[in-house]
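Colleague: input-v3.cif is reproduced below (mmCIF, C-alpha atoms).
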data_final
loop_
_atom_site.label_atom_id
_atom_site.label_comp_id
_atom_site.auth_asym_id
_atom_site.auth_seq_id
_atom_site.Cartn_x
_atom_site.Cartn_y
_atom_site.Cartn_z
CA MET A 1 -56.72 31.44 -4.49
CA SER A 2 -55.31 28.33 -2.85
CA VAL A 3 -51.71 27.31 -2.54
CA ARG A 4 -50.67 23.69 -2.98
CA THR A 5 -48.22 22.35 -0.39
CA LEU A 6 -45.49 19.80 -1.05
CA PHE A 7 -43.52 18.07 1.69
CA SER A 8 -39.95 17.02 0.99
CA LYS A 9 -40.58 13.46 2.19
CA GLU A 10 -43.20 13.04 -0.57
CA ILE A 11 -40.86 13.91 -3.38
CA ILE A 12 -37.34 12.96 -2.26
CA PRO A 13 -37.81 9.18 -2.75
CA LEU A 14 -39.15 9.75 -6.27
CA ILE A 15 -36.22 12.01 -7.18
CA VAL A 16 -33.82 9.35 -5.82
CA GLN A 17 -35.46 6.77 -8.08
CA GLU A 18 -35.09 9.02 -11.14
CA ILE A 19 -31.38 9.51 -10.42
CA GLY A 20 -30.96 5.75 -10.18
CA LYS A 21 -32.83 5.28 -13.44
CA ILE A 22 -30.77 7.71 -15.51
CA THR A 23 -27.48 6.30 -14.17
CA CYS A 24 -28.09 3.04 -16.01
CA GLN A 25 -30.52 3.94 -18.78
CA LEU A 26 -29.25 5.61 -21.92
CA ASP A 27 -31.44 8.17 -23.73
CA THR A 28 -33.58 6.09 -26.12
CA ASP A 29 -32.88 8.28 -29.17
CA VAL A 30 -29.14 7.96 -28.56
CA GLU A 31 -29.34 4.20 -28.14
CA ASN A 32 -31.31 3.85 -31.37
CA SER A 33 -28.84 6.15 -33.18
CA LEU A 34 -25.87 4.08 -32.02
CA GLN A 35 -27.54 0.93 -33.34
CA ARG A 36 -28.30 2.59 -36.69
CA MET A 37 -24.75 3.92 -36.96
CA ARG A 38 -23.40 0.44 -36.25
CA GLU A 39 -25.36 -0.91 -39.24
CA VAL A 40 -23.95 1.61 -41.73
CA GLU A 41 -20.45 2.17 -40.35
CA LYS A 42 -17.78 1.26 -42.91
CA SER A 43 -14.69 1.32 -40.69
CA GLU A 44 -14.03 -1.93 -38.78
CA LEU A 45 -12.47 -0.03 -35.90
CA SER A 46 -15.47 2.26 -35.49
CA ARG A 47 -17.82 -0.74 -35.77
CA ASP A 48 -15.92 -2.43 -32.92
CA VAL A 49 -16.35 0.66 -30.79
CA LEU A 50 -20.04 0.95 -31.65
CA ASP A 51 -20.50 -2.75 -30.76
CA ILE A 52 -19.04 -1.98 -27.35
CA LEU A 53 -21.24 1.08 -26.85
CA VAL A 54 -24.41 -0.81 -27.85
CA GLU A 55 -23.56 -3.71 -25.57
CA ASN A 56 -22.70 -1.27 -22.80
CA ALA A 57 -26.15 0.30 -22.95
CA SER A 58 -27.78 -3.13 -22.70
CA LEU A 59 -25.51 -4.33 -19.85
CA ALA A 60 -26.03 -1.13 -17.90
CA ARG A 61 -29.80 -1.44 -18.13
CA THR A 62 -30.08 -5.14 -17.29
CA GLU A 63 -27.41 -5.33 -14.58
CA LYS A 64 -27.87 -1.83 -13.18
CA ILE A 65 -24.22 -0.80 -13.67
CA PRO A 66 -23.56 2.89 -14.45
CA LEU A 67 -23.25 3.65 -18.17
CA CYS A 68 -20.16 5.71 -17.40
CA GLN A 69 -17.88 5.69 -14.34
CA ASP A 70 -18.26 9.48 -14.34
CA THR A 71 -21.78 9.53 -12.90
CA GLY A 72 -21.38 13.27 -13.17
CA THR A 73 -22.53 16.42 -11.54
CA LEU A 74 -26.29 16.39 -11.08
CA VAL A 75 -27.81 19.28 -13.04
CA VAL A 76 -31.46 20.17 -12.49
CA PHE A 77 -33.61 22.63 -14.41
CA ALA A 78 -36.63 23.24 -12.16
CA SER A 79 -39.84 25.01 -13.12
CA MET A 80 -41.81 25.78 -9.99
CA GLY A 81 -45.39 27.02 -10.04
CA LYS A 82 -45.98 30.29 -8.21
CA ASP A 83 -48.91 28.65 -6.34
CA LEU A 84 -46.75 25.87 -4.95
CA TYR A 85 -45.42 25.98 -1.41
CA LEU A 86 -42.50 23.87 -0.24
CA ALA A 87 -43.40 23.12 3.37
CA ASP A 88 -40.10 22.23 4.99
CA LEU A 89 -36.93 22.41 2.86
CA THR A 90 -35.66 24.62 0.06
CA LEU A 91 -35.46 23.00 -3.36
CA GLN A 92 -31.63 22.98 -3.13
CA GLU A 93 -31.85 21.14 0.21
CA ILE A 94 -34.33 18.63 -1.26
CA LEU A 95 -32.08 17.91 -4.24
CA ASP A 96 -28.90 17.65 -2.16
CA GLU A 97 -30.62 15.18 0.18
CA ALA A 98 -31.88 13.12 -2.78
CA MET A 99 -28.37 13.18 -4.29
CA GLN A 100 -26.78 11.85 -1.11
CA ILE A 101 -29.31 9.05 -0.79
CA ALA A 102 -28.98 8.12 -4.48
CA GLN A 103 -25.20 8.15 -4.23
CA GLN A 104 -25.27 5.45 -1.56
CA GLU A 105 -28.08 3.45 -3.10
CA TYR A 106 -26.78 3.42 -6.68
CA TYR A 107 -23.01 3.50 -6.03
CA LEU A 108 -22.49 6.82 -7.73
CA ARG A 109 -19.09 8.45 -7.82
CA ALA A 110 -18.38 11.46 -5.63
CA SER A 111 -17.17 13.79 -8.32
CA MET A 112 -17.44 17.28 -6.77
CA VAL A 113 -14.53 19.15 -5.21
CA LYS A 114 -14.61 22.41 -3.27
CA ASP A 115 -11.89 25.10 -3.23
CA PRO A 116 -11.39 24.65 -6.99
CA ILE A 117 -7.88 26.11 -7.25
CA TYR A 118 -6.03 25.20 -4.05
CA GLN A 119 -7.16 22.16 -2.02
CA ARG A 120 -9.67 20.65 -4.49
CA LYS A 121 -11.11 18.64 -1.60
CA ASN A 122 -13.78 16.10 -2.59
CA THR A 123 -17.15 16.91 -1.02
CA LEU A 124 -17.69 13.10 -0.72
CA ASN A 125 -21.43 13.27 -1.34
CA ASN A 126 -21.43 14.56 -4.94
CA CYS A 127 -23.07 17.75 -3.69
CA PRO A 128 -23.94 20.45 -4.36
CA VAL A 129 -26.47 19.66 -7.07
CA ILE A 130 -26.42 22.40 -9.70
CA LEU A 131 -29.91 23.89 -9.71
CA HIS A 132 -31.44 26.33 -12.17
CA LEU A 133 -34.82 27.46 -10.90
CA GLU A 134 -37.52 29.41 -12.68
CA MET A 135 -40.95 30.41 -11.50
CA ILE A 136 -43.95 29.67 -13.74
CA PRO A 137 -47.73 29.97 -13.43
CA GLY A 138 -49.64 27.19 -11.69
CA ASP A 139 -48.89 24.85 -8.81
CA ARG A 140 -46.72 22.13 -10.33
CA LEU A 141 -43.03 21.41 -9.91
CA THR A 142 -41.25 20.03 -12.99
CA LEU A 143 -37.67 18.82 -12.72
CA CYS A 144 -35.42 18.13 -15.70
CA ILE A 145 -32.71 16.00 -14.05
CA ALA A 146 -29.43 15.15 -15.79
CA GLN A 147 -26.05 13.63 -15.05
CA LYS A 148 -23.38 15.74 -16.71
CA GLY A 149 -19.87 14.31 -16.84
CA GLY A 150 -16.67 16.36 -16.88
CA GLY A 151 -15.13 15.28 -20.19
CA ALA A 152 -17.44 16.90 -22.70
CA GLU A 153 -18.25 19.73 -20.32
CA ASN A 154 -14.56 20.72 -20.27
CA MET A 155 -14.55 21.21 -24.04
CA SER A 156 -17.51 23.62 -24.06
CA ARG A 157 -17.06 27.27 -25.05
CA LEU A 158 -18.72 30.66 -25.12
CA GLN A 159 -17.96 33.66 -27.28
CA MET A 160 -19.40 37.17 -27.40
CA PHE A 161 -19.79 37.78 -31.14
CA SER A 162 -20.39 41.14 -32.75
CA PRO A 163 -23.96 41.59 -34.06
CA SER A 164 -22.38 41.92 -37.51
CA ALA A 165 -21.30 38.25 -37.38
CA ASP A 166 -23.03 36.11 -39.98
CA GLU A 167 -24.15 32.53 -39.50
CA ASN A 168 -20.98 31.13 -41.15
CA GLU A 169 -18.86 32.57 -38.35
CA ILE A 170 -21.10 30.87 -35.84
CA ILE A 171 -21.00 27.57 -37.73
CA ASN A 172 -17.18 27.80 -37.77
CA PHE A 173 -17.11 28.51 -34.05
CA VAL A 174 -19.08 25.34 -33.37
CA VAL A 175 -16.95 23.27 -35.76
CA GLU A 176 -13.72 24.58 -34.19
CA THR A 177 -15.09 23.77 -30.73
CA VAL A 178 -15.78 20.19 -31.81
CA LYS A 179 -12.37 19.84 -33.54
CA ARG A 180 -10.61 21.15 -30.47
CA ALA A 181 -12.47 18.57 -28.40
CA GLY A 182 -11.56 15.70 -30.72
CA SER A 183 -12.08 12.41 -28.92
CA LYS A 184 -11.83 14.01 -25.46
CA ALA A 185 -15.54 14.80 -25.37
CA CYS A 186 -16.49 11.17 -26.25
CA PRO A 187 -18.25 11.56 -29.60
CA PRO A 188 -20.83 10.93 -30.93
CA LEU A 189 -21.90 14.22 -29.41
CA ILE A 190 -25.12 16.05 -28.78
CA ILE A 191 -24.35 19.74 -29.26
CA GLY A 192 -26.37 22.27 -27.29
CA ILE A 193 -26.12 25.84 -28.60
CA GLY A 194 -27.34 28.97 -26.88
CA ILE A 195 -27.69 32.11 -28.96
CA GLY A 196 -28.57 35.43 -27.33
CA GLY A 197 -29.34 36.18 -23.72
CA ASN A 198 -26.68 37.62 -21.46
CA PHE A 199 -23.18 36.17 -20.86
CA GLU A 200 -24.53 33.78 -18.21
CA THR A 201 -27.97 33.01 -19.64
CA CYS A 202 -26.45 32.17 -23.03
CA ALA A 203 -24.60 29.28 -21.39
CA LEU A 204 -27.82 28.20 -19.67
CA LEU A 205 -29.63 28.15 -23.01
CA ALA A 206 -26.94 25.88 -24.44
CA LYS A 207 -27.17 23.46 -21.53
CA ARG A 208 -30.97 23.42 -21.51
CA ALA A 209 -31.00 22.75 -25.26
CA ILE A 210 -29.10 19.48 -24.78
CA PHE A 211 -32.08 17.97 -22.95
CA ASP A 212 -34.67 18.87 -25.58
CA PRO A 213 -35.95 15.74 -27.38
CA LEU A 214 -33.36 14.92 -30.05
CA THR A 215 -35.85 14.12 -32.79
CA LYS A 216 -37.93 17.28 -32.29
CA GLU A 217 -37.20 19.96 -34.87
CA ASN A 218 -36.57 23.57 -33.87
CA GLU A 219 -39.80 25.61 -34.02
CA HIS A 220 -38.20 28.50 -35.88
CA PRO A 221 -37.44 27.48 -39.51
CA ASN A 222 -34.20 29.57 -39.73
CA TYR A 223 -32.78 27.93 -36.61
CA ALA A 224 -33.98 24.49 -37.72
CA GLU A 225 -32.00 25.01 -40.93
CA LEU A 226 -29.00 26.28 -38.98
CA GLU A 227 -29.11 23.13 -36.80
CA LYS A 228 -28.97 20.97 -39.94
CA ARG A 229 -26.09 22.96 -41.44
CA ILE A 230 -24.07 22.79 -38.23
CA LEU A 231 -24.67 19.04 -37.89
CA SER A 232 -23.51 18.48 -41.43
CA ALA A 233 -20.39 20.64 -40.97
CA VAL A 234 -19.50 18.88 -37.72
CA ASN A 235 -19.87 15.44 -39.28
CA ASP A 236 -17.72 16.55 -42.21
CA THR A 237 -14.78 16.87 -39.77
CA GLY A 238 -14.49 13.07 -39.89
CA ILE A 239 -13.64 12.82 -36.19
CA GLY A 240 -16.14 9.97 -35.80
CA VAL A 241 -17.16 7.74 -32.89
CA GLN A 242 -14.62 8.07 -30.05
CA GLY A 243 -12.36 9.91 -32.49
CA MET A 244 -11.84 6.71 -34.53
CA GLY A 245 -12.81 8.41 -37.79
CA GLY A 246 -15.98 8.37 -39.86
CA GLU A 247 -19.20 10.34 -39.98
CA GLY A 248 -20.46 9.73 -36.47
CA THR A 249 -19.06 12.83 -34.78
CA ALA A 250 -22.43 14.24 -33.70
CA LEU A 251 -25.96 12.88 -33.43
CA ALA A 252 -27.84 16.15 -33.05
CA VAL A 253 -27.54 19.91 -32.77
CA LYS A 254 -30.12 21.70 -30.61
CA ILE A 255 -30.39 25.48 -30.54
CA ARG A 256 -32.19 27.64 -28.00
CA THR A 257 -32.36 31.41 -28.38
CA SER A 258 -33.27 34.39 -26.25
CA PRO A 259 -33.43 38.16 -26.76
CA CYS A 260 -30.10 39.87 -26.21
CA HIS A 261 -28.60 43.35 -25.87
CA LEU A 262 -28.60 45.30 -29.12
CA ALA A 263 -24.78 45.49 -28.99
CA SER A 264 -24.30 41.75 -28.40
CA LEU A 265 -24.53 38.33 -29.99
CA PRO A 266 -23.48 35.78 -27.34
CA VAL A 267 -23.05 32.20 -28.55
CA ALA A 268 -22.45 29.26 -26.21
CA VAL A 269 -21.62 25.67 -27.21
CA ASN A 270 -22.19 23.03 -24.53
CA LEU A 271 -21.02 19.58 -25.55
CA GLN A 272 -22.80 16.44 -24.35
CA CYS A 273 -21.09 13.06 -24.78
CA HIS A 274 -22.88 9.93 -25.99
CA ALA A 275 -23.61 8.90 -22.36
CA HIS A 276 -26.74 11.02 -22.50
CA ARG A 277 -28.50 10.58 -19.16
CA HIS A 278 -31.54 12.67 -18.35
CA THR A 279 -35.19 12.53 -17.39
CA GLU A 280 -38.12 14.76 -16.53
CA ILE A 281 -40.56 14.41 -13.65
CA THR A 282 -43.51 16.57 -12.60
CA PHE A 283 -44.96 16.79 -9.11
CA MET B 1 -6.88 -7.04 -25.37
CA LEU B 2 -5.08 -6.44 -22.09
CA THR B 3 -4.68 -9.04 -19.36
CA GLY B 4 -2.77 -8.38 -16.16
CA THR B 5 -2.33 -5.77 -13.45
CA ILE B 6 -2.76 -2.04 -14.02
CA LEU B 7 -2.80 0.95 -11.67
CA THR B 8 -5.24 3.84 -11.96
CA ALA B 9 -4.08 7.40 -11.38
CA ARG B 10 -5.64 10.68 -12.45
CA ASP B 11 -5.45 14.38 -11.69
CA ALA B 12 -5.05 14.40 -7.88
CA ALA B 13 -2.67 11.41 -7.78
CA HIS B 14 -0.50 12.91 -10.51
CA LYS B 15 -0.30 16.18 -8.63
CA ARG B 16 0.78 14.34 -5.48
CA MET B 17 3.40 12.31 -7.37
CA HIS B 18 4.72 15.55 -8.85
CA GLU B 19 4.97 17.11 -5.36
CA ILE B 20 6.79 14.04 -4.02
CA LEU B 21 9.35 14.16 -6.84
CA ARG B 22 9.70 17.93 -6.56
CA ASP B 23 10.54 17.48 -2.85
CA GLY B 24 13.28 15.01 -3.81
CA LYS B 25 11.44 12.00 -2.37
CA ARG B 26 10.56 8.65 -4.00
CA ILE B 27 7.14 7.60 -5.26
CA PRO B 28 6.12 4.59 -3.12
CA PHE B 29 5.84 2.16 -6.07
CA GLU B 30 7.81 1.24 -9.18
CA LEU B 31 6.86 3.29 -12.28
CA ALA B 32 8.80 1.05 -14.66
CA ASN B 33 6.77 -2.05 -15.67
CA THR B 34 3.59 -0.30 -14.51
CA LEU B 35 0.74 0.64 -16.79
CA ILE B 36 -0.94 3.77 -15.51
CA PHE B 37 -4.62 3.97 -16.48
CA TYR B 38 -6.21 7.41 -16.25
CA CYS B 39 -9.38 6.40 -14.46
CA GLY B 40 -11.49 7.24 -11.42
CA PRO B 41 -13.74 4.21 -10.77
CA SER B 42 -17.24 4.57 -9.37
CA PRO B 43 -17.88 2.70 -6.07
CA VAL B 44 -18.26 -1.10 -5.94
CA SER B 45 -21.75 -2.44 -5.41
CA THR B 46 -22.44 -5.60 -3.41
CA GLY B 47 -21.72 -8.80 -5.23
CA LYS B 48 -19.57 -7.19 -7.91
CA SER B 49 -15.79 -7.15 -8.21
CA CYS B 50 -15.59 -3.49 -9.10
CA GLY B 51 -17.61 -0.40 -9.87
CA ALA B 52 -18.03 1.18 -13.29
CA ILE B 53 -14.65 1.63 -14.98
CA GLY B 54 -13.62 3.87 -17.85
CA PRO B 55 -10.93 6.26 -19.10
CA THR B 56 -10.70 9.95 -18.36
CA THR B 57 -9.14 12.54 -20.69
CA SER B 58 -5.38 11.83 -20.86
CA ALA B 59 -4.38 15.34 -21.98
CA ARG B 60 -4.96 16.67 -18.47
CA MET B 61 -2.05 14.53 -17.30
CA ASP B 62 0.29 15.69 -20.11
CA PHE B 63 1.85 18.23 -17.76
CA TYR B 64 3.29 15.42 -15.59
CA MET B 65 4.53 13.10 -18.35
CA GLU B 66 8.09 14.38 -18.79
CA GLU B 67 8.91 13.89 -15.12
CA LEU B 68 7.22 10.49 -14.89
CA ILE B 69 8.92 9.19 -18.05
CA ALA B 70 12.24 10.39 -16.58
CA ASN B 71 11.41 8.32 -13.49
CA GLY B 72 10.68 5.15 -15.45
CA LEU B 73 7.07 5.30 -16.66
CA ARG B 74 6.62 3.63 -20.08
CA MET B 75 2.94 2.66 -20.38
CA THR B 76 -0.17 4.79 -20.08
CA MET B 77 -3.80 4.33 -21.09
CA GLY B 78 -6.66 6.78 -21.28
CA LYS B 79 -8.87 8.62 -23.73
CA GLY B 80 -8.19 11.24 -26.37
CA ASN B 81 -5.07 12.57 -28.04
CA ARG B 82 -2.02 13.95 -26.26
CA SER B 83 -0.04 17.10 -27.02
CA LEU B 84 2.55 16.90 -29.81
CA LYS B 85 5.29 17.38 -27.23
CA VAL B 86 4.06 14.42 -25.16
CA GLU B 87 3.60 12.33 -28.32
CA GLU B 88 7.25 12.93 -29.15
CA MET B 89 8.35 12.07 -25.58
CA ILE B 90 6.42 8.81 -25.77
CA ARG B 91 8.00 7.82 -29.09
CA ASN B 92 11.53 8.87 -28.06
CA SER B 93 11.43 6.95 -24.80
CA GLY B 94 10.12 3.74 -26.35
CA SER B 95 6.89 4.15 -24.40
CA VAL B 96 3.38 3.25 -25.46
CA TYR B 97 0.06 5.09 -25.08
CA LEU B 98 -3.15 3.12 -25.32
CA VAL B 99 -6.72 4.32 -25.57
CA THR B 100 -9.85 2.54 -24.50
CA VAL B 101 -13.55 3.30 -24.96
CA GLY B 102 -15.10 6.19 -23.02
CA GLY B 103 -18.65 5.89 -21.70
CA ALA B 104 -18.62 2.09 -21.85
CA ALA B 105 -18.14 1.65 -18.15
CA ALA B 106 -20.56 -1.23 -17.60
CA TYR B 107 -18.90 -3.18 -20.43
CA LEU B 108 -15.35 -2.44 -19.19
CA SER B 109 -16.24 -3.31 -15.59
CA LYS B 110 -16.96 -6.86 -16.78
CA ARG B 111 -13.34 -7.15 -17.91
CA VAL B 112 -11.99 -6.20 -14.47
CA VAL B 113 -11.52 -9.23 -12.23
CA SER B 114 -10.65 -7.27 -9.09
CA CYS B 115 -10.24 -3.70 -7.93
CA GLU B 116 -8.59 -2.70 -4.67
CA THR B 117 -7.37 0.58 -3.24
CA PHE B 118 -3.60 0.64 -3.64
CA LEU B 119 -2.53 4.07 -2.42
CA TRP B 120 -3.90 7.40 -1.17
CA GLN B 121 -7.37 6.35 -0.10
CA ASP B 122 -7.96 9.91 1.10
CA MET B 123 -8.43 10.89 -2.54
CA GLY B 124 -11.63 8.85 -2.86
CA ALA B 125 -12.37 8.16 -6.54
CA GLU B 126 -9.02 9.75 -7.42
CA ALA B 127 -6.98 7.30 -5.32
CA ILE B 128 -4.57 4.85 -6.97
CA TYR B 129 -6.44 1.56 -7.48
CA LYS B 130 -4.93 -1.76 -8.50
CA LEU B 131 -7.02 -3.47 -11.20
CA GLU B 132 -6.63 -7.05 -12.41
CA VAL B 133 -7.98 -7.05 -15.96
CA LEU B 134 -8.86 -9.88 -18.36
CA ASP B 135 -9.36 -9.22 -22.10
CA PHE B 136 -9.72 -5.49 -21.48
CA PRO B 137 -10.15 -3.75 -24.89
CA ALA B 138 -7.42 -1.24 -25.72
CA TYR B 139 -6.07 0.31 -28.92
CA ILE B 140 -2.47 1.40 -29.46
CA ALA B 141 -2.57 5.14 -30.08
CA ILE B 142 1.10 6.17 -29.83
CA PHE B 143 4.23 4.00 -29.76
#
Let me see the structure of the file written as structure tokens.

Modeller:
Amino acid sequence: MSVRTLFSKEIIPLIVQEIGKITCQLDTDVENSLQRMREVEKSELSRDVLDILVENASLARTEKIPLCQDTGTLVVFASMGKDLYLADLTLQEILDEAMQIAQQEYYLRASMVKDPIYQRKNTLNNCPVILHLEMIPGDRLTLCIAQKGGGAENMSRLQMFSPSADENEIINFVVETVKRAGSKACPPLIIGIGIGGNFETCALLAKRAIFDPLTKENEHPNYAELEKRILSAVNDTGIGVQGMGGEGTALAVKIRTSPCHLASLPVAVNLQCHAHRHTEITF
Amino acid sequence: MLTGTILTARDAAHKRMHEILRDGKRIPFELANTLIFYCGPSPVSTGKSCGAIGPTTSARMDFYMEELIANGLRMTMGKGNRSLKVEEMIRNSGSVYLVTVGGAAAYLSKRVVSCETFLWQDMGAEAIYKLEVLDFPAYIAIF
């Protein structure tokens, strides 16, 4: 049984490039959705806003300007093969180094502060990267890399439901979360929902769900149906693009589930704004 | 469309202004006739006048509004609604609250002619920046 070795200097430059790419390149499904919404939007105000968002995506891509001034916390979901050996640095060290290089190269904002209650001192290098690492069979390393801004993140919520809760209570919870967010989370939204797991893994499910391909339907028919019902209920709120009214409150609802304790039903709602910036790379 | 000079200030700068006023001192610039834009720009790249520019959530600065309005502030711009209490304060004081588009930072940066650090550089992205804007899109949300 042989182990495959990876050196940090082989992969850091490629990770840096990916960070640069997502800073200025909007998720293709979102960009297409914004264009479609623009064509059918009835309100002049919302059409104006959609015009700006569509032009923004194009400008960002061609002139390499960040889509949003909040270039976010870097969040990485890493799947590392058990037969892979990192020769010199830990994965956290690799990602933090890539983040610092990318920050200088792509003029990213330093948006992380330490000592969250008292000093709130900026770390100046946008580190630490938030890393979620799992071990899988094989010898590959796959990184799902995303820039997550603070606005929509702040409006996310988690609740420990009773197992007796029916799906309507969960739908209402999501709708109330979106209403409470209003325009603060920069709709149109992508809504990631975690159902099950433990208190902490439920939130992880919700975040991971956001980066699933938007057009791919949930594998489980009941949850696919639930996604559609939630999307419809959220768009019925009429909050609309940037809170300007209309039907464009959310573009997609993605659910991920996991087994949970027999006494629990945790539900987490992680909101993603329309500046949907993410990519996946495998080494 | 806004044209003219605006100052950015967000969480950290508001906290510092609050501490200055609480200690009985004066904020080192005139609040009256100033439009405060809740924004933390991203860094400037070579050859450009400013980095990516866009609004942050105004409601986080609601806590400081009463004091700032009492000290002359009349114009603010950001993203999202404000509390009912702040909405009332804005109306009663003859102030105005504008909103601009979130997540359109490349587009908005094109409407900023210049961006320079004005105060409190130690705050990094949260420092007070002076922006000269030309045809910057804004919508009147509360007046």

Colleague: If the cut-off is 6 Å, can you tell me the residues of chain A near chain B, counting all atoms listed in the file? I'd like them as a VMD selection string.

Modeller: chain A and resid 53 56 60 65 to 69 107 to 109 183 to 184 275

Colleague: Neighbouring residues of stretch 91-104 of chain A were defined as those with any atom within 6 Å, considering all atoms listed in the file; residues of the same chain fewer than 5 positions away were excluded. Please report them as a list of chain:residue names.

Modeller: A:Ile12, A:Val16, A:Asn125, A:Val129

Colleague: Can you tell me how far atom CA of A:Cys144 sits from atom CA of A:His278, in Å to one decimal?

Modeller: 7.2 Å

Colleague: Figure out the distance between atom CA of B:Met17 and atom CA of A:Gly72, please, to one decimal in Å.

Modeller: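 It comes out at 25.5 Å.
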
Colleague: Kindly give the distance, in Å, that separates atom CA of A:Glu217 and atom CA of A:Val253, rounded to a single decimal.

Modeller: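 The value is 9.9 Å.
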
Colleague: Evaluating the PyMOL selection byres ((chain A and resi 259) around 6) on the displayed file yields which residues, as a short mmCIF file (atom, residue, chain, number, x, y, z; two decimals) with C-alpha atoms, keeping the file's coordinate frame?

Modeller:
data_model
loop_
_atom_site.label_atom_id
_atom_site.label_comp_id
_atom_site.auth_asym_id
_atom_site.auth_seq_id
_atom_site.Cartn_x
_atom_site.Cartn_y
_atom_site.Cartn_z
CA GLY A 196 -28.57 35.43 -27.33
CA GLY A 197 -29.34 36.18 -23.72
CA SER A 258 -33.27 34.39 -26.25
CA CYS A 260 -30.10 39.87 -26.21
#
